[in-house]
file protein-v8.cif (mmCIF, N, CA and C atoms)
data_target
#
loop_
_atom_site.group_PDB
_atom_site.id
_atom_site.type_symbol
_atom_site.label_atom_id
_atom_site.label_comp_id
_atom_site.auth_asym_id
_atom_site.auth_seq_id
_atom_site.Cartn_x
_atom_site.Cartn_y
_atom_site.Cartn_z
ATOM 1 N N MET A 18 -9.512 -5.842 16.446
ATOM 2 C CA MET A 18 -9.281 -6.154 15.055
ATOM 3 C C MET A 18 -9.301 -4.900 14.192
ATOM 4 N N ALA A 19 -10.107 -3.928 14.590
ATOM 5 C CA ALA A 19 -10.170 -2.688 13.829
ATOM 6 C C ALA A 19 -8.833 -1.950 13.896
ATOM 7 N N ASN A 20 -8.143 -2.056 15.036
ATOM 8 C CA ASN A 20 -6.841 -1.397 15.143
ATOM 9 C C ASN A 20 -5.810 -2.040 14.220
ATOM 10 N N VAL A 21 -5.869 -3.357 14.084
ATOM 11 C CA VAL A 21 -4.962 -4.055 13.160
ATOM 12 C C VAL A 21 -5.257 -3.626 11.728
ATOM 13 N N ALA A 22 -6.535 -3.504 11.391
ATOM 14 C CA ALA A 22 -6.918 -3.074 10.045
ATOM 15 C C ALA A 22 -6.415 -1.658 9.770
ATOM 16 N N ARG A 23 -6.559 -0.784 10.746
ATOM 17 C CA ARG A 23 -6.067 0.594 10.568
ATOM 18 C C ARG A 23 -4.551 0.620 10.400
ATOM 19 N N LEU A 24 -3.866 -0.218 11.135
ATOM 20 C CA LEU A 24 -2.417 -0.303 11.019
ATOM 21 C C LEU A 24 -2.010 -0.822 9.636
ATOM 22 N N LEU A 25 -2.707 -1.829 9.137
ATOM 23 C CA LEU A 25 -2.426 -2.347 7.800
ATOM 24 C C LEU A 25 -2.675 -1.285 6.732
ATOM 25 N N ILE A 26 -3.736 -0.514 6.893
ATOM 26 C CA ILE A 26 -4.022 0.561 5.939
ATOM 27 C C ILE A 26 -2.898 1.581 5.933
ATOM 28 N N ALA A 27 -2.448 1.977 7.110
ATOM 29 C CA ALA A 27 -1.379 2.976 7.201
ATOM 30 C C ALA A 27 -0.068 2.451 6.620
ATOM 31 N N ILE A 28 0.304 1.250 6.982
ATOM 32 C CA ILE A 28 1.564 0.676 6.490
ATOM 33 C C ILE A 28 1.497 0.444 4.983
ATOM 34 N N GLY A 29 0.377 -0.060 4.496
ATOM 35 C CA GLY A 29 0.238 -0.319 3.072
ATOM 36 C C GLY A 29 0.292 0.947 2.239
ATOM 37 N N ALA A 30 -0.366 2.006 2.707
ATOM 38 C CA ALA A 30 -0.353 3.263 1.961
ATOM 39 C C ALA A 30 1.048 3.857 1.903
ATOM 40 N N VAL A 31 1.755 3.802 3.015
ATOM 41 C CA VAL A 31 3.119 4.337 3.043
ATOM 42 C C VAL A 31 4.045 3.498 2.165
ATOM 43 N N ALA A 32 3.955 2.178 2.263
ATOM 44 C CA ALA A 32 4.829 1.316 1.467
ATOM 45 C C ALA A 32 4.583 1.497 -0.027
ATOM 46 N N ALA A 33 3.325 1.605 -0.423
ATOM 47 C CA ALA A 33 3.013 1.778 -1.847
ATOM 48 C C ALA A 33 3.518 3.117 -2.363
ATOM 49 N N SER A 34 3.343 4.168 -1.590
ATOM 50 C CA SER A 34 3.792 5.480 -2.056
ATOM 51 C C SER A 34 5.320 5.588 -2.065
ATOM 52 N N VAL A 35 5.980 4.987 -1.086
ATOM 53 C CA VAL A 35 7.449 4.987 -1.080
ATOM 54 C C VAL A 35 7.976 4.166 -2.244
ATOM 55 N N GLY A 36 7.359 3.022 -2.512
ATOM 56 C CA GLY A 36 7.761 2.213 -3.658
ATOM 57 C C GLY A 36 7.591 2.953 -4.970
ATOM 58 N N PHE A 37 6.497 3.700 -5.103
ATOM 59 C CA PHE A 37 6.252 4.484 -6.317
ATOM 60 C C PHE A 37 7.297 5.583 -6.481
ATOM 61 N N THR A 38 7.622 6.266 -5.389
ATOM 62 C CA THR A 38 8.629 7.326 -5.438
ATOM 63 C C THR A 38 10.005 6.779 -5.787
ATOM 64 N N LEU A 39 10.401 5.707 -5.132
ATOM 65 C CA LEU A 39 11.712 5.120 -5.401
ATOM 66 C C LEU A 39 11.784 4.512 -6.803
ATOM 67 N N LEU A 40 10.667 4.007 -7.305
ATOM 68 C CA LEU A 40 10.627 3.507 -8.672
ATOM 69 C C LEU A 40 10.897 4.642 -9.652
ATOM 70 N N GLY A 41 10.282 5.781 -9.423
ATOM 71 C CA GLY A 41 10.540 6.942 -10.278
ATOM 72 C C GLY A 41 11.985 7.389 -10.218
ATOM 73 N N MET A 42 12.570 7.346 -9.029
ATOM 74 C CA MET A 42 13.977 7.722 -8.894
ATOM 75 C C MET A 42 14.874 6.720 -9.611
ATOM 76 N N ALA A 43 14.572 5.431 -9.509
ATOM 77 C CA ALA A 43 15.398 4.406 -10.153
ATOM 78 C C ALA A 43 15.301 4.491 -11.670
ATOM 79 N N MET A 44 14.137 4.893 -12.181
ATOM 80 C CA MET A 44 13.965 4.966 -13.625
ATOM 81 C C MET A 44 14.505 6.265 -14.217
ATOM 82 N N SER A 45 14.851 7.214 -13.377
ATOM 83 C CA SER A 45 15.295 8.508 -13.887
ATOM 84 C C SER A 45 16.779 8.527 -14.248
ATOM 85 N N TYR A 46 17.506 7.491 -13.911
ATOM 86 C CA TYR A 46 18.924 7.444 -14.265
ATOM 87 C C TYR A 46 19.089 7.219 -15.764
ATOM 88 N N ILE A 47 20.252 7.602 -16.294
ATOM 89 C CA ILE A 47 20.517 7.394 -17.712
ATOM 90 C C ILE A 47 20.495 5.900 -18.032
ATOM 91 N N THR A 48 21.122 5.104 -17.188
ATOM 92 C CA THR A 48 21.058 3.646 -17.320
ATOM 93 C C THR A 48 20.342 3.106 -16.087
ATOM 94 N N PRO A 49 19.046 2.851 -16.196
ATOM 95 C CA PRO A 49 18.276 2.393 -15.029
ATOM 96 C C PRO A 49 18.802 1.071 -14.478
ATOM 97 N N ASP A 50 18.807 0.976 -13.161
ATOM 98 C CA ASP A 50 19.234 -0.246 -12.466
ATOM 99 C C ASP A 50 18.040 -1.193 -12.398
ATOM 100 N N GLN A 51 18.101 -2.293 -13.138
ATOM 101 C CA GLN A 51 16.975 -3.218 -13.226
ATOM 102 C C GLN A 51 16.654 -3.885 -11.891
ATOM 103 N N THR A 52 17.666 -4.143 -11.079
ATOM 104 C CA THR A 52 17.429 -4.746 -9.764
ATOM 105 C C THR A 52 16.645 -3.794 -8.864
ATOM 106 N N ALA A 53 17.028 -2.529 -8.864
ATOM 107 C CA ALA A 53 16.320 -1.542 -8.050
ATOM 108 C C ALA A 53 14.883 -1.377 -8.536
ATOM 109 N N ILE A 54 14.707 -1.336 -9.848
ATOM 110 C CA ILE A 54 13.358 -1.185 -10.396
ATOM 111 C C ILE A 54 12.483 -2.358 -9.972
ATOM 112 N N ARG A 55 13.017 -3.574 -10.061
ATOM 113 C CA ARG A 55 12.256 -4.756 -9.661
ATOM 114 C C ARG A 55 11.916 -4.711 -8.173
ATOM 115 N N ASN A 56 12.882 -4.306 -7.344
ATOM 116 C CA ASN A 56 12.636 -4.241 -5.899
ATOM 117 C C ASN A 56 11.560 -3.218 -5.558
ATOM 118 N N TRP A 57 11.580 -2.061 -6.203
ATOM 119 C CA TRP A 57 10.600 -1.024 -5.876
ATOM 120 C C TRP A 57 9.223 -1.375 -6.411
ATOM 121 N N ILE A 58 9.176 -2.098 -7.538
ATOM 122 C CA ILE A 58 7.872 -2.565 -8.023
ATOM 123 C C ILE A 58 7.278 -3.568 -7.036
ATOM 124 N N VAL A 59 8.106 -4.458 -6.519
ATOM 125 C CA VAL A 59 7.633 -5.428 -5.525
ATOM 126 C C VAL A 59 7.140 -4.705 -4.268
ATOM 127 N N LEU A 60 7.881 -3.695 -3.817
ATOM 128 C CA LEU A 60 7.461 -2.931 -2.642
ATOM 129 C C LEU A 60 6.129 -2.227 -2.897
ATOM 130 N N MET A 61 5.975 -1.651 -4.079
ATOM 131 C CA MET A 61 4.745 -0.947 -4.404
ATOM 132 C C MET A 61 3.554 -1.915 -4.454
ATOM 133 N N ILE A 62 3.723 -3.052 -5.084
ATOM 134 C CA ILE A 62 2.632 -4.028 -5.189
ATOM 135 C C ILE A 62 2.306 -4.613 -3.820
ATOM 136 N N ALA A 63 3.324 -4.919 -3.027
ATOM 137 C CA ALA A 63 3.075 -5.446 -1.682
ATOM 138 C C ALA A 63 2.341 -4.414 -0.826
ATOM 139 N N GLY A 64 2.718 -3.147 -0.952
ATOM 140 C CA GLY A 64 2.022 -2.095 -0.217
ATOM 141 C C GLY A 64 0.564 -1.987 -0.617
ATOM 142 N N LEU A 65 0.290 -2.104 -1.913
ATOM 143 C CA LEU A 65 -1.096 -2.057 -2.368
ATOM 144 C C LEU A 65 -1.900 -3.254 -1.865
ATOM 145 N N VAL A 66 -1.284 -4.417 -1.842
ATOM 146 C CA VAL A 66 -1.975 -5.615 -1.341
ATOM 147 C C VAL A 66 -2.295 -5.463 0.144
ATOM 148 N N VAL A 67 -1.336 -4.973 0.924
ATOM 149 C CA VAL A 67 -1.567 -4.769 2.360
ATOM 150 C C VAL A 67 -2.635 -3.701 2.574
ATOM 151 N N LEU A 68 -2.598 -2.638 1.783
ATOM 152 C CA LEU A 68 -3.604 -1.578 1.885
ATOM 153 C C LEU A 68 -4.995 -2.124 1.603
ATOM 154 N N ILE A 69 -5.146 -2.886 0.539
ATOM 155 C CA ILE A 69 -6.456 -3.445 0.190
ATOM 156 C C ILE A 69 -6.925 -4.435 1.245
ATOM 157 N N ALA A 70 -5.999 -5.247 1.769
ATOM 158 C CA ALA A 70 -6.368 -6.193 2.834
ATOM 159 C C ALA A 70 -6.847 -5.446 4.071
ATOM 160 N N GLY A 71 -6.171 -4.360 4.423
ATOM 161 C CA GLY A 71 -6.590 -3.570 5.577
ATOM 162 C C GLY A 71 -7.954 -2.949 5.383
ATOM 163 N N VAL A 72 -8.229 -2.459 4.185
ATOM 164 C CA VAL A 72 -9.538 -1.862 3.910
ATOM 165 C C VAL A 72 -10.633 -2.928 3.986
ATOM 166 N N VAL A 73 -10.375 -4.095 3.426
ATOM 167 C CA VAL A 73 -11.375 -5.173 3.466
ATOM 168 C C VAL A 73 -11.641 -5.600 4.902
ATOM 169 N N ILE A 74 -10.596 -5.760 5.685
ATOM 170 C CA ILE A 74 -10.774 -6.143 7.090
ATOM 171 C C ILE A 74 -11.523 -5.051 7.846
ATOM 172 N N TYR A 75 -11.153 -3.806 7.610
ATOM 173 C CA TYR A 75 -11.804 -2.697 8.313
ATOM 174 C C TYR A 75 -13.286 -2.623 7.964
ATOM 175 N N ARG A 76 -13.599 -2.800 6.687
ATOM 176 C CA ARG A 76 -15.009 -2.754 6.276
ATOM 177 C C ARG A 76 -15.796 -3.927 6.854
ATOM 178 N N GLY A 77 -15.131 -5.044 7.076
ATOM 179 C CA GLY A 77 -15.817 -6.194 7.653
ATOM 180 C C GLY A 77 -16.016 -6.090 9.151
ATOM 181 N N VAL A 78 -15.158 -5.343 9.823
ATOM 182 C CA VAL A 78 -15.217 -5.253 11.280
ATOM 183 C C VAL A 78 -16.062 -4.068 11.736
ATOM 184 N N GLU A 79 -15.855 -2.924 11.127
ATOM 185 C CA GLU A 79 -16.556 -1.710 11.542
ATOM 186 C C GLU A 79 -17.989 -1.719 11.032
ATOM 187 N N PRO A 80 -18.938 -1.442 11.916
ATOM 188 C CA PRO A 80 -20.330 -1.339 11.428
ATOM 189 C C PRO A 80 -20.481 -0.070 10.590
ATOM 190 N N SER A 81 -21.393 -0.130 9.681
ATOM 191 C CA SER A 81 -21.632 1.027 8.815
ATOM 192 C C SER A 81 -22.125 2.200 9.645
ATOM 193 N N ARG A 82 -21.651 3.370 9.348
ATOM 194 C CA ARG A 82 -22.061 4.554 10.103
ATOM 195 C C ARG A 82 -23.237 5.265 9.428
ATOM 196 N N LEU A 83 -23.811 4.639 8.425
ATOM 197 C CA LEU A 83 -24.972 5.235 7.775
ATOM 198 C C LEU A 83 -26.207 5.020 8.635
ATOM 199 N N PRO A 84 -27.086 5.995 8.676
ATOM 200 C CA PRO A 84 -28.303 5.809 9.479
ATOM 201 C C PRO A 84 -29.194 4.754 8.850
ATOM 202 N N GLU A 85 -29.848 3.986 9.711
ATOM 203 C CA GLU A 85 -30.743 2.943 9.208
ATOM 204 C C GLU A 85 -32.038 3.579 8.759
ATOM 205 N N GLN A 86 -32.587 3.021 7.691
ATOM 206 C CA GLN A 86 -33.847 3.584 7.155
ATOM 207 C C GLN A 86 -34.968 2.628 7.298
#
call {"tool": "encode", "arguments": {"input": "protein-v8.cif", "output": "structure tokens"}}
result
Amino acid sequence: MANVARLLIAIGAVAASVGFTLLGMAMSYITPDQTAIRNWIVLMIAGLVVLIAGVVIYRGVEPSRLPEQ
């Protein structure tokens, strides 16, 4: 399960950053393409959701590496 969580973290981080980059490119045109902007916002939000889900799963599966006191 930890491997699935790590995979979700990696995919989510990449999708969110690619969506953010493409959103900036779509908005930089003189006449922005509203369809492209909407698609890249959806990609960015979906990437963030997958990233957060992966972090939550990873934190639930992996034991804390802090020393016990």
call {"tool": "residues_around", "arguments": {"input": "protein-v8.cif", "residues": "region 62-70 of chain A", "least_positions_apart": "2", "cutoff": "12 Å", "atoms": "only C-alpha atoms", "output": "number ranges by chain"}}
result
A: 21-37, 40, 55-60, 72-77
call {"tool": "atom_distance", "arguments": {"input": "protein-v8.cif", "atom1": "atom N of Ile54 (chain A)", "atom2": "atom C of Leu39 (chain A)"}}
result
7.2 Å
call {"tool": "atom_distance", "arguments": {"input": "protein-v8.cif", "atom1": "CA of Met18 (chain A)", "atom2": "CA of Met61 (chain A)"}}
result
24.5 Å
